[in-house]
$ cat structure_4.txt   # compact mmCIF, N, CA and C atoms
# COMPACT_ATOMS: atom_id res chain seq x y z
N MET A 1 -84.34 4.52 -20.07
CA MET A 1 -83.07 5.16 -20.38
C MET A 1 -82.45 4.42 -21.57
N THR A 2 -82.01 5.15 -22.56
CA THR A 2 -81.40 4.52 -23.73
C THR A 2 -79.96 4.16 -23.44
N THR A 3 -79.39 3.33 -24.31
CA THR A 3 -78.00 2.93 -24.16
C THR A 3 -77.09 4.14 -24.23
N ALA A 4 -77.39 5.07 -25.14
CA ALA A 4 -76.56 6.26 -25.29
C ALA A 4 -76.59 7.10 -24.01
N THR A 5 -77.77 7.20 -23.40
CA THR A 5 -77.89 7.96 -22.16
C THR A 5 -77.14 7.26 -21.05
N MET A 6 -77.18 5.93 -21.01
CA MET A 6 -76.50 5.17 -19.96
C MET A 6 -74.98 5.34 -20.06
N THR A 7 -74.44 5.31 -21.28
CA THR A 7 -72.99 5.42 -21.42
C THR A 7 -72.52 6.84 -21.14
N ALA A 8 -73.36 7.83 -21.38
CA ALA A 8 -72.98 9.21 -21.15
C ALA A 8 -73.06 9.56 -19.67
N ALA A 9 -73.90 8.86 -18.93
CA ALA A 9 -74.07 9.15 -17.52
C ALA A 9 -72.85 8.70 -16.73
N ALA A 10 -72.62 9.33 -15.60
CA ALA A 10 -71.50 8.96 -14.74
C ALA A 10 -71.74 7.57 -14.17
N PRO A 11 -70.66 6.77 -14.05
CA PRO A 11 -70.82 5.44 -13.49
C PRO A 11 -71.36 5.50 -12.07
N SER A 12 -72.23 4.58 -11.76
CA SER A 12 -72.80 4.51 -10.42
C SER A 12 -73.05 3.05 -10.10
N ASP A 13 -73.70 2.79 -9.00
CA ASP A 13 -74.02 1.41 -8.66
C ASP A 13 -75.04 0.87 -9.65
N THR A 14 -74.65 -0.19 -10.33
CA THR A 14 -75.53 -0.84 -11.28
C THR A 14 -75.46 -2.32 -11.03
N ALA A 15 -76.56 -2.92 -10.74
CA ALA A 15 -76.63 -4.37 -10.49
C ALA A 15 -75.59 -4.78 -9.44
N GLY A 16 -75.40 -3.94 -8.43
CA GLY A 16 -74.48 -4.29 -7.35
C GLY A 16 -73.03 -3.97 -7.64
N ILE A 17 -72.73 -3.37 -8.78
CA ILE A 17 -71.34 -3.03 -9.14
C ILE A 17 -71.11 -1.56 -8.83
N ALA A 18 -70.10 -1.28 -8.04
CA ALA A 18 -69.77 0.10 -7.71
C ALA A 18 -69.01 0.70 -8.89
N GLY A 19 -69.70 1.45 -9.70
CA GLY A 19 -69.15 1.99 -10.94
C GLY A 19 -67.91 2.84 -10.77
N GLU A 20 -67.91 3.74 -9.80
CA GLU A 20 -66.75 4.62 -9.61
C GLU A 20 -65.52 3.82 -9.19
N ARG A 21 -65.72 2.84 -8.34
CA ARG A 21 -64.58 2.02 -7.90
C ARG A 21 -64.03 1.20 -9.06
N LEU A 22 -64.92 0.61 -9.86
CA LEU A 22 -64.51 -0.16 -11.03
C LEU A 22 -63.74 0.74 -12.00
N LYS A 23 -64.28 1.93 -12.24
CA LYS A 23 -63.62 2.88 -13.14
C LYS A 23 -62.22 3.22 -12.63
N SER A 24 -62.08 3.39 -11.32
CA SER A 24 -60.79 3.70 -10.73
C SER A 24 -59.78 2.57 -10.98
N PHE A 25 -60.21 1.33 -10.81
CA PHE A 25 -59.34 0.19 -11.08
C PHE A 25 -58.91 0.15 -12.54
N ILE A 26 -59.87 0.35 -13.42
CA ILE A 26 -59.60 0.34 -14.87
C ILE A 26 -58.58 1.42 -15.22
N GLU A 27 -58.77 2.62 -14.71
CA GLU A 27 -57.85 3.72 -15.01
C GLU A 27 -56.45 3.46 -14.46
N ARG A 28 -56.37 2.87 -13.25
CA ARG A 28 -55.05 2.53 -12.69
C ARG A 28 -54.34 1.51 -13.57
N ILE A 29 -55.09 0.51 -14.02
CA ILE A 29 -54.50 -0.52 -14.90
C ILE A 29 -54.03 0.10 -16.20
N GLU A 30 -54.82 1.00 -16.75
CA GLU A 30 -54.43 1.66 -18.00
C GLU A 30 -53.14 2.47 -17.81
N ARG A 31 -53.01 3.18 -16.68
CA ARG A 31 -51.78 3.94 -16.43
C ARG A 31 -50.58 3.00 -16.29
N LEU A 32 -50.77 1.89 -15.58
CA LEU A 32 -49.69 0.93 -15.42
C LEU A 32 -49.29 0.30 -16.75
N GLU A 33 -50.27 0.03 -17.61
CA GLU A 33 -49.97 -0.50 -18.94
C GLU A 33 -49.14 0.49 -19.74
N GLU A 34 -49.45 1.78 -19.62
CA GLU A 34 -48.67 2.81 -20.31
C GLU A 34 -47.23 2.83 -19.78
N GLU A 35 -47.08 2.73 -18.45
CA GLU A 35 -45.74 2.71 -17.85
C GLU A 35 -44.97 1.47 -18.30
N LYS A 36 -45.68 0.34 -18.37
CA LYS A 36 -45.04 -0.91 -18.80
C LYS A 36 -44.55 -0.78 -20.23
N LYS A 37 -45.35 -0.16 -21.09
CA LYS A 37 -44.95 0.05 -22.47
C LYS A 37 -43.70 0.92 -22.55
N ALA A 38 -43.67 1.99 -21.75
CA ALA A 38 -42.51 2.89 -21.75
C ALA A 38 -41.27 2.16 -21.25
N LEU A 39 -41.42 1.33 -20.22
CA LEU A 39 -40.29 0.56 -19.71
C LEU A 39 -39.79 -0.44 -20.74
N SER A 40 -40.70 -1.07 -21.45
CA SER A 40 -40.30 -2.02 -22.50
C SER A 40 -39.49 -1.33 -23.58
N GLU A 41 -39.90 -0.13 -23.94
CA GLU A 41 -39.16 0.64 -24.93
C GLU A 41 -37.77 1.00 -24.41
N ASP A 42 -37.68 1.36 -23.15
CA ASP A 42 -36.38 1.68 -22.54
C ASP A 42 -35.47 0.45 -22.56
N ILE A 43 -36.02 -0.70 -22.24
CA ILE A 43 -35.23 -1.94 -22.24
C ILE A 43 -34.73 -2.26 -23.64
N ARG A 44 -35.59 -2.10 -24.64
CA ARG A 44 -35.17 -2.32 -26.03
C ARG A 44 -34.02 -1.40 -26.40
N GLU A 45 -34.09 -0.15 -25.95
CA GLU A 45 -33.01 0.80 -26.24
C GLU A 45 -31.70 0.36 -25.60
N VAL A 46 -31.75 -0.16 -24.38
CA VAL A 46 -30.53 -0.61 -23.71
C VAL A 46 -29.93 -1.79 -24.47
N TYR A 47 -30.78 -2.74 -24.91
CA TYR A 47 -30.28 -3.86 -25.71
C TYR A 47 -29.65 -3.35 -27.01
N ALA A 48 -30.27 -2.37 -27.63
CA ALA A 48 -29.72 -1.81 -28.87
C ALA A 48 -28.36 -1.15 -28.62
N GLU A 49 -28.24 -0.44 -27.50
CA GLU A 49 -26.95 0.17 -27.15
C GLU A 49 -25.89 -0.90 -26.95
N ALA A 50 -26.25 -1.96 -26.23
CA ALA A 50 -25.30 -3.04 -25.97
C ALA A 50 -24.87 -3.70 -27.28
N LYS A 51 -25.85 -3.91 -28.18
CA LYS A 51 -25.53 -4.52 -29.47
C LYS A 51 -24.60 -3.63 -30.28
N ALA A 52 -24.82 -2.33 -30.20
CA ALA A 52 -24.00 -1.38 -30.95
C ALA A 52 -22.53 -1.42 -30.53
N VAL A 53 -22.26 -1.84 -29.30
CA VAL A 53 -20.87 -1.93 -28.85
C VAL A 53 -20.35 -3.36 -28.86
N GLY A 54 -21.12 -4.28 -29.48
CA GLY A 54 -20.61 -5.63 -29.71
C GLY A 54 -21.16 -6.75 -28.84
N PHE A 55 -22.08 -6.45 -27.94
CA PHE A 55 -22.67 -7.52 -27.12
C PHE A 55 -23.85 -8.14 -27.84
N GLU A 56 -24.12 -9.41 -27.54
CA GLU A 56 -25.21 -10.14 -28.18
C GLU A 56 -26.46 -10.11 -27.29
N PRO A 57 -27.51 -9.38 -27.71
CA PRO A 57 -28.72 -9.27 -26.90
C PRO A 57 -29.38 -10.62 -26.55
N LYS A 58 -29.35 -11.55 -27.47
CA LYS A 58 -29.96 -12.86 -27.20
C LYS A 58 -29.28 -13.53 -25.99
N ILE A 59 -27.97 -13.46 -25.94
CA ILE A 59 -27.22 -14.05 -24.84
C ILE A 59 -27.47 -13.26 -23.56
N MET A 60 -27.55 -11.95 -23.67
CA MET A 60 -27.83 -11.12 -22.50
C MET A 60 -29.20 -11.46 -21.91
N ARG A 61 -30.19 -11.68 -22.77
CA ARG A 61 -31.53 -12.06 -22.29
C ARG A 61 -31.47 -13.40 -21.56
N LYS A 62 -30.70 -14.33 -22.10
CA LYS A 62 -30.54 -15.64 -21.46
C LYS A 62 -29.89 -15.48 -20.09
N MET A 63 -28.86 -14.65 -20.02
CA MET A 63 -28.18 -14.40 -18.73
C MET A 63 -29.14 -13.81 -17.71
N ILE A 64 -29.94 -12.87 -18.12
CA ILE A 64 -30.90 -12.25 -17.21
C ILE A 64 -31.89 -13.29 -16.72
N SER A 65 -32.34 -14.15 -17.63
CA SER A 65 -33.25 -15.22 -17.25
C SER A 65 -32.61 -16.16 -16.23
N LEU A 66 -31.36 -16.51 -16.47
CA LEU A 66 -30.64 -17.40 -15.55
C LEU A 66 -30.42 -16.74 -14.19
N ARG A 67 -30.13 -15.45 -14.18
CA ARG A 67 -29.90 -14.75 -12.92
C ARG A 67 -31.15 -14.68 -12.06
N LYS A 68 -32.32 -14.74 -12.69
CA LYS A 68 -33.58 -14.71 -11.94
C LYS A 68 -33.84 -16.04 -11.24
N MET A 69 -33.24 -17.11 -11.76
CA MET A 69 -33.47 -18.45 -11.21
C MET A 69 -32.66 -18.68 -9.96
N GLU A 70 -33.19 -19.51 -9.09
CA GLU A 70 -32.43 -19.94 -7.93
C GLU A 70 -31.34 -20.89 -8.42
N LEU A 71 -30.23 -20.93 -7.70
CA LEU A 71 -29.08 -21.72 -8.10
C LEU A 71 -29.46 -23.19 -8.33
N GLU A 72 -30.22 -23.76 -7.44
CA GLU A 72 -30.58 -25.18 -7.57
C GLU A 72 -31.44 -25.43 -8.81
N LYS A 73 -32.36 -24.54 -9.10
CA LYS A 73 -33.20 -24.66 -10.29
C LYS A 73 -32.34 -24.55 -11.55
N ARG A 74 -31.37 -23.65 -11.53
CA ARG A 74 -30.48 -23.47 -12.68
C ARG A 74 -29.64 -24.72 -12.90
N ARG A 75 -29.12 -25.30 -11.83
CA ARG A 75 -28.34 -26.54 -11.95
C ARG A 75 -29.19 -27.67 -12.51
N GLU A 76 -30.41 -27.78 -12.00
CA GLU A 76 -31.32 -28.84 -12.47
C GLU A 76 -31.60 -28.68 -13.96
N GLU A 77 -31.84 -27.45 -14.39
CA GLU A 77 -32.12 -27.20 -15.81
C GLU A 77 -30.91 -27.55 -16.67
N ASN A 78 -29.71 -27.17 -16.23
CA ASN A 78 -28.49 -27.48 -16.98
C ASN A 78 -28.28 -28.98 -17.09
N GLU A 79 -28.52 -29.70 -15.99
CA GLU A 79 -28.36 -31.16 -16.01
C GLU A 79 -29.34 -31.80 -17.00
N LEU A 80 -30.58 -31.35 -16.97
CA LEU A 80 -31.56 -31.89 -17.91
C LEU A 80 -31.19 -31.58 -19.35
N LEU A 81 -30.71 -30.37 -19.59
CA LEU A 81 -30.31 -29.98 -20.94
C LEU A 81 -29.18 -30.89 -21.43
N GLU A 82 -28.17 -31.12 -20.59
CA GLU A 82 -27.06 -32.00 -20.96
C GLU A 82 -27.55 -33.42 -21.22
N LEU A 83 -28.46 -33.90 -20.37
CA LEU A 83 -29.01 -35.24 -20.54
C LEU A 83 -29.76 -35.36 -21.87
N TYR A 84 -30.61 -34.40 -22.15
CA TYR A 84 -31.39 -34.42 -23.39
C TYR A 84 -30.47 -34.30 -24.62
N MET A 85 -29.46 -33.44 -24.53
CA MET A 85 -28.53 -33.28 -25.65
C MET A 85 -27.78 -34.60 -25.91
N ALA A 86 -27.37 -35.26 -24.85
CA ALA A 86 -26.68 -36.55 -24.99
C ALA A 86 -27.62 -37.59 -25.61
N ALA A 87 -28.89 -37.56 -25.24
CA ALA A 87 -29.86 -38.53 -25.74
C ALA A 87 -30.07 -38.40 -27.25
N VAL A 88 -29.89 -37.20 -27.79
CA VAL A 88 -30.10 -37.00 -29.24
C VAL A 88 -28.78 -36.86 -29.97
N GLY A 89 -27.69 -37.21 -29.31
CA GLY A 89 -26.38 -37.20 -29.97
C GLY A 89 -25.73 -35.85 -30.11
N MET A 90 -26.08 -34.92 -29.24
CA MET A 90 -25.49 -33.58 -29.32
C MET A 90 -24.47 -33.35 -28.23
N ALA A 91 -24.06 -34.38 -27.54
CA ALA A 91 -23.10 -34.22 -26.43
C ALA A 91 -21.78 -33.72 -26.98
N GLU A 92 -21.11 -32.93 -26.18
CA GLU A 92 -19.83 -32.35 -26.61
C GLU A 92 -18.70 -33.30 -26.36
$ encode --input "structure_4.txt" --output "structure tokens"
Amino acid sequence: MTTATMTAAAPSDTAGIAGERLKSFIERIERLEEEKKALSEDIREVYAEAKAVGFEPKIMRKMISLRKMELEKRREENELLELYMAAVGMAE
């Protein structure tokens, strides 16, 4: 069987790999990647809308990042940031 014939044929068990199942996983991942791309575009649009009315997207991204963190982790990060800033002479 030539390579061209193999690629044209329907996937099947080859060397212990269930071709149809593998193809199903690949197709699901591809659909999810398309959805992820669409969601990313939607998020960019929301940031653009916020910027258009005067909000700063960079700060909004930081806030979202902080909201995802547990309170204790956020406190620890802030303390380290203050310590490092003081060490290089950036203390307020």
$ select_by_dssp --input "structure_4.txt" --residues "region 48-84 of chain A" --states "alpha helix (DSSP H)" --output "compact mmCIF listing (two decimals) with N, CA and C atoms, in the coordinates of the input"
# COMPACT_ATOMS: atom_id res chain seq x y z
N ALA A 48 -30.27 -2.37 -27.63
CA ALA A 48 -29.72 -1.81 -28.87
C ALA A 48 -28.36 -1.15 -28.62
N GLU A 49 -28.24 -0.44 -27.50
CA GLU A 49 -26.95 0.17 -27.15
C GLU A 49 -25.89 -0.90 -26.95
N ALA A 50 -26.25 -1.96 -26.23
CA ALA A 50 -25.30 -3.04 -25.97
C ALA A 50 -24.87 -3.70 -27.28
N LYS A 51 -25.85 -3.91 -28.18
CA LYS A 51 -25.53 -4.52 -29.47
C LYS A 51 -24.60 -3.63 -30.28
N ALA A 52 -24.82 -2.33 -30.20
CA ALA A 52 -24.00 -1.38 -30.95
C ALA A 52 -22.53 -1.42 -30.53
N PRO A 57 -27.51 -9.38 -27.71
CA PRO A 57 -28.72 -9.27 -26.90
C PRO A 57 -29.38 -10.62 -26.55
N LYS A 58 -29.35 -11.55 -27.47
CA LYS A 58 -29.96 -12.86 -27.20
C LYS A 58 -29.28 -13.53 -25.99
N ILE A 59 -27.97 -13.46 -25.94
CA ILE A 59 -27.22 -14.05 -24.84
C ILE A 59 -27.47 -13.26 -23.56
N MET A 60 -27.55 -11.95 -23.67
CA MET A 60 -27.83 -11.12 -22.50
C MET A 60 -29.20 -11.46 -21.91
N ARG A 61 -30.19 -11.68 -22.77
CA ARG A 61 -31.53 -12.06 -22.29
C ARG A 61 -31.47 -13.40 -21.56
N LYS A 62 -30.70 -14.33 -22.10
CA LYS A 62 -30.54 -15.64 -21.46
C LYS A 62 -29.89 -15.48 -20.09
N MET A 63 -28.86 -14.65 -20.02
CA MET A 63 -28.18 -14.40 -18.73
C MET A 63 -29.14 -13.81 -17.71
N ILE A 64 -29.94 -12.87 -18.12
CA ILE A 64 -30.90 -12.25 -17.21
C ILE A 64 -31.89 -13.29 -16.72
N SER A 65 -32.34 -14.15 -17.63
CA SER A 65 -33.25 -15.22 -17.25
C SER A 65 -32.61 -16.16 -16.23
N LEU A 66 -31.36 -16.51 -16.47
CA LEU A 66 -30.64 -17.40 -15.55
C LEU A 66 -30.42 -16.74 -14.19
N ARG A 67 -30.13 -15.45 -14.18
CA ARG A 67 -29.90 -14.75 -12.92
C ARG A 67 -31.15 -14.68 -12.06
N LYS A 68 -32.32 -14.74 -12.69
CA LYS A 68 -33.58 -14.71 -11.94
C LYS A 68 -33.84 -16.04 -11.24
N LEU A 71 -30.23 -20.93 -7.70
CA LEU A 71 -29.08 -21.72 -8.10
C LEU A 71 -29.46 -23.19 -8.33
N GLU A 72 -30.22 -23.76 -7.44
CA GLU A 72 -30.58 -25.18 -7.57
C GLU A 72 -31.44 -25.43 -8.81
N LYS A 73 -32.36 -24.54 -9.10
CA LYS A 73 -33.20 -24.66 -10.29
C LYS A 73 -32.34 -24.55 -11.55
N ARG A 74 -31.37 -23.65 -11.53
CA ARG A 74 -30.48 -23.47 -12.68
C ARG A 74 -29.64 -24.72 -12.90
N ARG A 75 -29.12 -25.30 -11.83
CA ARG A 75 -28.34 -26.54 -11.95
C ARG A 75 -29.19 -27.67 -12.51
N GLU A 76 -30.41 -27.78 -12.00
CA GLU A 76 -31.32 -28.84 -12.47
C GLU A 76 -31.60 -28.68 -13.96
N GLU A 77 -31.84 -27.45 -14.39
CA GLU A 77 -32.12 -27.20 -15.81
C GLU A 77 -30.91 -27.55 -16.67
N ASN A 78 -29.71 -27.17 -16.23
CA ASN A 78 -28.49 -27.48 -16.98
C ASN A 78 -28.28 -28.98 -17.09
N GLU A 79 -28.52 -29.70 -15.99
CA GLU A 79 -28.36 -31.16 -16.01
C GLU A 79 -29.34 -31.80 -17.00
N LEU A 80 -30.58 -31.35 -16.97
CA LEU A 80 -31.56 -31.89 -17.91
C LEU A 80 -31.19 -31.58 -19.35
N LEU A 81 -30.71 -30.37 -19.59
CA LEU A 81 -30.31 -29.98 -20.94
C LEU A 81 -29.18 -30.89 -21.43
N GLU A 82 -28.17 -31.12 -20.59
CA GLU A 82 -27.06 -32.00 -20.96
C GLU A 82 -27.55 -33.42 -21.22
N LEU A 83 -28.46 -33.90 -20.37
CA LEU A 83 -29.01 -35.24 -20.54
C LEU A 83 -29.76 -35.36 -21.87
N TYR A 84 -30.61 -34.40 -22.15
CA TYR A 84 -31.39 -34.42 -23.39
C TYR A 84 -30.47 -34.30 -24.62
$ atom_distance --input "structure_4.txt" --atom1 "CA of Glu35 (chain A)" --atom2 "CA of Met60 (chain A)"
23.1 Å
$ atom_distance --input "structure_4.txt" --atom1 "atom C of Ala18 (chain A)" --atom2 "atom C of Glu34 (chain A)"
24.4 Å
$ atom_distance --input "structure_4.txt" --atom1 "CA of Lys62 (chain A)" --atom2 "CA of Asn78 (chain A)"
12.8 Å
$ residues_around --input "structure_4.txt" --residues "Glu56 (chain A)" --least-positions-apart "6" --cutoff "10 Å" --atoms "only C-alpha atoms" --output "MDAnalysis selection string"
chainID A and resid 47:48 50
$ axis_aligned_box --input "structure_4.txt" --around "region 69-81 of chain A" --padding-each-side "4 Å" --output "AutoDock Vina command-line options"
--center_x -30.9 --center_y -24.5 --center_z -14.4 --size_x 13.2 --size_y 22.8 --size_z 22.0
